[in-house]
Amino acid sequence: MNIEQMKVGFMDVFCYIITVPDSNDALVIDPAGDEECVVDRVQQMGMNLKYILNTHGHPDHTCGNARIKELTGAKILMHQMDDELFNSLEGQTMFREWGFQASPPADFTLKDGDDVVLGSLALKVLHTPGHSPGGICILGEGNLFTGDTLFVGAVGRTDLPGASARQFMTSIREKILTLPGETIVWPGHDYGYRPYSTIEVEKRENPYLVPGSFF
């Protein structure tokens, strides 16, 4: 698996372009601005964009879905619960209030344990609710794309519609901290002192995860 990390939009969102050597298809995780730049980069690689994969449905992570789908025909993948929430009246109101373009409905909805297949690569969907009802992390070949669940040195918010601090704690304890320490963490925002980390480092240094902290 090849990973290209791009910082896009005005909220320092990390977008990821994923490719594999045995396929001409690519997928993009959380396109959140600078859509033409993302598509241009995929085309420079000589790849066809097959999927738009969202870690969750918040406007700052999905605002590029419509444009990229228009430019490439890529299919949108999102957890079923966030697809339902962010296509509801409440979800559409959030898009308008935040000043973002709404995402079209997902072409395919996901659930915990699903695989997103790209060539020989199977990315595992880990349902990690708390930041949003349908938040997911995406695991593949020792890499974990955490969206707004886990950052470098921080964790996501639990004060937005559909969030739950209790679910959030359970998700981190049971789905993330149980992974091998060498698992690479690719966060959803450029909020840390470096753009990626590992589970081991976050356990040791993240003030929200060390013993005696909130978690």
# chains A, B, ... in the order shown; residues from 1 in each chain; ligands from 1

call {"tool": "select_by_dssp", "arguments": {"residues": "chain A", "states": "strand (DSSP E)", "output": "ChimeraX atom specification"}}
result
/A:2-8,13-19,25-29,48-53,75-79,108-110,115-118,121-127,136-140,143-147,150-151,154-155,184-187,197-198

call {"tool": "select_by_dssp", "arguments": {"residues": "stretch 44-192 of chain A", "states": "helix (DSSP H, G or I)", "output": "ChimeraX atom specification"}}
result
/A:44,59-62,65-72,80-86,89-98,165-176

call {"tool": "closest_residue", "arguments": {"among": "A:His61, A:Ile18, A:Met169, A:Thr146", "to": "A:Trp98", "atoms": "only C-alpha atoms"}}
result
A:His61

call {"tool": "atom_distance", "arguments": {"atom1": "atom CA of A:Pro59", "atom2": "atom CA of A:Gly99"}}
result
8.5 Å

call {"tool": "closest_residue", "arguments": {"among": "A:Ile184, A:Met11, A:Ala163, A:Met1", "to": "A:Ser132", "atoms": "only C-alpha atoms"}}
result
A:Ala163

call {"tool": "closest_residue", "arguments": {"among": "A:Thr93, A:Thr149, A:Gln101, A:Gln167", "to": "A:Thr55", "atoms": "only C-alpha atoms"}}
result
A:Thr149

call {"tool": "closest_atom_pairs", "arguments": {"of": "stretch 142-196 of chain A", "to": "stretch 26-44 of chain A", "cutoff": "9 Å", "atoms": "only C-alpha atoms", "output": "JSON lines"}}
result
{"residue": "A:Phe145", "atom": "CA", "partner": "A:Ile29", "partner_atom": "CA", "distance": 8.5}
{"residue": "A:Gly147", "atom": "CA", "partner": "A:Asp30", "partner_atom": "CA", "distance": 8.0}
{"residue": "A:Gly188", "atom": "CA", "partner": "A:Asp30", "partner_atom": "CA", "distance": 7.9}

call {"tool": "residues_around", "arguments": {"residues": "stretch 138-144 of chain A", "least_positions_apart": "4", "cutoff": "9 Å", "atoms": "only C-alpha atoms", "output": "PDB file with N, CA and C atoms, in the first residue's frame"}}
result
ATOM      1  N   MET A   1       0.838  -1.192   0.000  1.00  0.00           N
ATOM      2  CA  MET A   1       0.000   0.000   0.000  1.00  0.00           C
ATOM      3  C   MET A   1       0.876   1.245   0.000  1.00  0.00           C
ATOM      4  N   THR A  55     -14.065   9.005   6.884  1.00  0.00           N
ATOM      5  CA  THR A  55     -13.975   8.498   8.251  1.00  0.00           C
ATOM      6  C   THR A  55     -15.196   8.880   9.076  1.00  0.00           C
ATOM      7  N   LEU A 121      -5.375  -5.143  -1.734  1.00  0.00           N
ATOM      8  CA  LEU A 121      -5.466  -4.530  -0.410  1.00  0.00           C
ATOM      9  C   LEU A 121      -6.885  -4.604   0.120  1.00  0.00           C
ATOM     10  N   ALA A 122      -7.025  -5.039   1.364  1.00  0.00           N
ATOM     11  CA  ALA A 122      -8.312  -5.019   2.051  1.00  0.00           C
ATOM     12  C   ALA A 122      -8.177  -4.127   3.281  1.00  0.00           C
ATOM     13  N   LEU A 123      -8.866  -2.990   3.265  1.00  0.00           N
ATOM     14  CA  LEU A 123      -8.868  -2.071   4.394  1.00  0.00           C
ATOM     15  C   LEU A 123     -10.035  -2.413   5.305  1.00  0.00           C
ATOM     16  N   LYS A 124      -9.741  -2.646   6.576  1.00  0.00           N
ATOM     17  CA  LYS A 124     -10.763  -3.051   7.546  1.00  0.00           C
ATOM     18  C   LYS A 124     -11.428  -1.823   8.168  1.00  0.00           C
ATOM     19  N   VAL A 125     -12.751  -1.864   8.224  1.00  0.00           N
ATOM     20  CA  VAL A 125     -13.536  -0.794   8.836  1.00  0.00           C
ATOM     21  C   VAL A 125     -13.708  -1.093  10.323  1.00  0.00           C
ATOM     22  N   LEU A 126     -13.256  -0.163  11.169  1.00  0.00           N
ATOM     23  CA  LEU A 126     -13.454  -0.255  12.613  1.00  0.00           C
ATOM     24  C   LEU A 126     -14.439   0.837  13.017  1.00  0.00           C
ATOM     25  N   HIS A 127     -15.622   0.449  13.443  1.00  0.00           N
ATOM     26  CA  HIS A 127     -16.616   1.440  13.865  1.00  0.00           C
ATOM     27  C   HIS A 127     -16.186   2.007  15.215  1.00  0.00           C
ATOM     28  N   ILE A 176      -8.823   0.927  19.449  1.00  0.00           N
ATOM     29  CA  ILE A 176      -7.568   1.567  19.047  1.00  0.00           C
ATOM     30  C   ILE A 176      -6.403   1.144  19.936  1.00  0.00           C
ATOM     31  N   PRO A 180      -1.571  -3.324  17.798  1.00  0.00           N
ATOM     32  CA  PRO A 180      -0.114  -3.392  18.047  1.00  0.00           C
ATOM     33  C   PRO A 180       0.509  -2.004  18.150  1.00  0.00           C
ATOM     34  N   GLU A 182       3.204  -0.791  17.131  1.00  0.00           N
ATOM     35  CA  GLU A 182       3.889  -0.254  15.955  1.00  0.00           C
ATOM     36  C   GLU A 182       2.921   0.229  14.877  1.00  0.00           C
ATOM     37  N   THR A 183       1.626   0.073  15.092  1.00  0.00           N
ATOM     38  CA  THR A 183       0.637   0.547  14.125  1.00  0.00           C
ATOM     39  C   THR A 183       0.807   2.058  13.918  1.00  0.00           C
ATOM     40  N   ILE A 184       0.907   2.470  12.664  1.00  0.00           N
ATOM     41  CA  ILE A 184       1.089   3.888  12.346  1.00  0.00           C
ATOM     42  C   ILE A 184      -0.255   4.593  12.369  1.00  0.00           C
ATOM     43  N   VAL A 185      -0.314   5.727  13.053  1.00  0.00           N
ATOM     44  CA  VAL A 185      -1.530   6.527  13.177  1.00  0.00           C
ATOM     45  C   VAL A 185      -1.468   7.689  12.187  1.00  0.00           C
ATOM     46  N   TRP A 186      -2.458   7.711  11.290  1.00  0.00           N
ATOM     47  CA  TRP A 186      -2.589   8.798  10.320  1.00  0.00           C
ATOM     48  C   TRP A 186      -3.841   9.594  10.700  1.00  0.00           C
ATOM     49  N   PRO A 187      -3.686  10.780  11.299  1.00  0.00           N
ATOM     50  CA  PRO A 187      -4.830  11.507  11.857  1.00  0.00           C
ATOM     51  C   PRO A 187      -5.598  12.301  10.802  1.00  0.00           C
ATOM     52  N   THR A 198       2.459   6.691  16.182  1.00  0.00           N
ATOM     53  CA  THR A 198       2.174   5.264  16.343  1.00  0.00           C
ATOM     54  C   THR A 198       1.319   5.081  17.592  1.00  0.00           C
TER      55      THR A 198
END
